[in-house]
There are 2 protein chains.
Amino acid sequence: MEPPRAFEDFAVGQRFRSARARAVGAAQIKTFAAEFDPQPFHLDEEAARRTPFGGLVASGWHTAALGMRLIVDSDLGLDGQGAGVAVENMRWRRPVRAGDALRVEGTVIEARASRSRPASGIVKFQTRLLNQRDEVVLEASHVVLVSRRSVPSGGAR
Amino acid sequence: MEPPRAFEDFAVGQRFRSARARAVGAAQIKTFAAEFDPQPFHLDEEAARRTPFGGLVASGWHTAALGMRLIVDSDLGLDGQGAGVAVENMRWRRPVRAGDALRVEGTVIEARASRSRPASGIVKFQTRLLNQRDEVVLEASHVVLVSRRSVPSGGAR
């Protein structure tokens, strides 16, 4: 088991990806929607056929949550070490349908000291969720606070 | 029952809010986390106490999904009529803990024709999720595609 990562372990340009894809089933789509996004195109195949989607599609928030799971399970190594600060510019590019299998690809685009929290750094990374046809379904930029291994003397600058 | 809303029914400055708050329990926090965000501070009280959060906190994606449910149940009237395009600048301001009760407040900040889809318009709205102490826990700007009641002749401009 690798030791937990700290802010110092992240560098701009670092790439990460899913170890494996995650399948999405109709039952999961409906269960998530019943709790968090009860709209016809997420709840019922027949009702969904009469909408512009033409069939059952996952809630965009279900897709985003699956994206988080794929990030946690990826080789980014952020598991248990980060605290989400923000998501900038999340875009749903294509619907996710029952039977799709999703994976994530990402790149660290920023790693800098936190002005307000000297014991932490800010790591920003871009992610793309792809389906089994390698089509992008979701893109987002994540901003995460990560503890530093060593805190610079003099505190925040 | 009101007729479904269309793009023409949304105007800049329109405000909306939850009919009622939704409570968040420890069991729900752990169930969501086990599926979508399995990190110690979302899964187990004892492990969470040893993290900077000092106790169990909801996954930020759980909070965001609850925000969607609050929007669907609000008087925005978007239920079944919108398709999420993007979320711009979502910020987690405070942790959500077991026992918190969340509500949403929002304002429509943009309503314009879609260049690429003449049968639809783009509606943008800002939301704030608040807890039972009226503290903001999450802020976001949502971009949604909404069908027009009447399509302008000549198509997109």
# chains A, B, ... in the order shown; residues from 1 in each chain; ligands from 1
call {"tool": "interface_residues", "arguments": {"of": "chain A", "to": "chain B", "cutoff": "10 Å", "atoms": "only C-alpha atoms", "output": "CSV table (one decimal) with C-alpha atoms, in the first residue's frame"}}
result
chain,number,residue,atom,x,y,z
A,32,PHE,CA,-30.7,7.7,-8.3
A,33,ALA,CA,-33.3,9.8,-10.1
A,34,ALA,CA,-36.1,8.9,-7.6
A,35,GLU,CA,-34.0,10.3,-4.8
A,36,PHE,CA,-32.2,13.3,-6.5
A,37,ASP,CA,-33.7,14.1,-9.9
A,38,PRO,CA,-37.2,12.8,-10.4
A,39,GLN,CA,-37.9,13.9,-14.0
A,40,PRO,CA,-39.6,11.6,-16.5
A,41,PHE,CA,-36.6,11.0,-18.7
A,42,HIS,CA,-34.6,9.6,-15.7
A,48,ALA,CA,-38.6,8.9,-21.6
A,51,THR,CA,-39.1,13.3,-24.5
A,52,PRO,CA,-36.3,14.8,-26.7
A,53,PHE,CA,-33.9,12.2,-25.2
A,59,SER,CA,-29.4,12.3,-14.4
A,60,GLY,CA,-26.5,14.6,-15.1
A,61,TRP,CA,-25.8,14.5,-11.3
A,62,HIS,CA,-25.7,10.7,-11.4
A,64,ALA,CA,-21.1,13.6,-12.2
A,65,ALA,CA,-21.3,11.4,-9.0
A,66,LEU,CA,-20.0,8.4,-11.0
A,67,GLY,CA,-17.2,10.7,-12.2
A,68,MET,CA,-16.2,11.3,-8.6
A,69,ARG,CA,-16.1,7.5,-8.0
A,70,LEU,CA,-14.0,7.0,-11.1
A,71,ILE,CA,-11.6,9.8,-9.8
A,72,VAL,CA,-11.4,8.2,-6.3
A,73,ASP,CA,-10.6,4.8,-7.9
A,78,LEU,CA,-6.4,11.6,-3.9
A,79,ASP,CA,-8.4,9.1,-1.9
A,80,GLY,CA,-8.9,10.5,1.6
A,81,GLN,CA,-6.5,13.4,1.0
A,82,GLY,CA,-8.5,16.1,-0.7
A,83,ALA,CA,-11.4,18.4,0.2
A,84,GLY,CA,-13.4,19.6,-2.8
A,85,VAL,CA,-13.4,23.4,-3.0
A,86,ALA,CA,-15.1,24.0,-6.4
A,87,VAL,CA,-15.9,22.7,-9.8
A,88,GLU,CA,-15.4,25.1,-12.7
A,89,ASN,CA,-17.2,24.7,-16.0
A,90,MET,CA,-18.7,21.2,-15.8
A,91,ARG,CA,-20.3,20.4,-19.2
A,92,TRP,CA,-22.6,17.5,-20.1
A,93,ARG,CA,-21.6,16.6,-23.6
A,94,ARG,CA,-23.8,13.5,-24.3
A,95,PRO,CA,-26.5,11.6,-22.4
A,138,LEU,CA,-18.9,15.0,-19.2
A,139,GLU,CA,-16.0,17.5,-18.8
A,140,ALA,CA,-15.1,19.4,-15.7
A,141,SER,CA,-12.4,21.3,-13.9
A,142,HIS,CA,-12.0,20.4,-10.2
A,143,VAL,CA,-10.4,22.5,-7.5
A,147,SER,CA,-2.7,18.9,3.0
call {"tool": "residues_around", "arguments": {"residues": "Arg133 in chain A", "least_positions_apart": "5", "cutoff": "10 Å", "atoms": "only C-alpha atoms", "output": "list in words"}}
result
Asp100, Ala101 and Leu102 of chain A
call {"tool": "select_by_dssp", "arguments": {"residues": "range 9-119 of chain A", "states": "strand (DSSP E)", "output": "number ranges by chain"}}
result
A: 15-17, 22-23, 82-92, 101-113
call {"tool": "residues_around", "arguments": {"residues": "range 106-112 of chain B", "least_positions_apart": "5", "cutoff": "12 Å", "atoms": "only C-alpha atoms", "output": "PyMOL selection string"}}
result
chain B and resi 6-18+67-68+70-72+74-76+78+117-130+138-148+156-157
call {"tool": "select_by_dssp", "arguments": {"residues": "range 5-72 of chain B", "states": "helix (DSSP H, G or I)", "output": "PyMOL selection string"}}
result
chain B and resi 7-9+26-36+40-43+45-49+60-72
call {"tool": "atom_distance", "arguments": {"atom1": "CA of Gly54 in chain A", "atom2": "CA of Asn131 in chain A"}}
result
18.5 Å
call {"tool": "atom_distance", "arguments": {"atom1": "CA of Arg22 in chain B", "atom2": "CA of Arg22 in chain A"}}
result
29.7 Å
call {"tool": "atom_distance", "arguments": {"atom1": "CA of Lys30 in chain B", "atom2": "CA of Asp44 in chain B"}}
result
7.3 Å
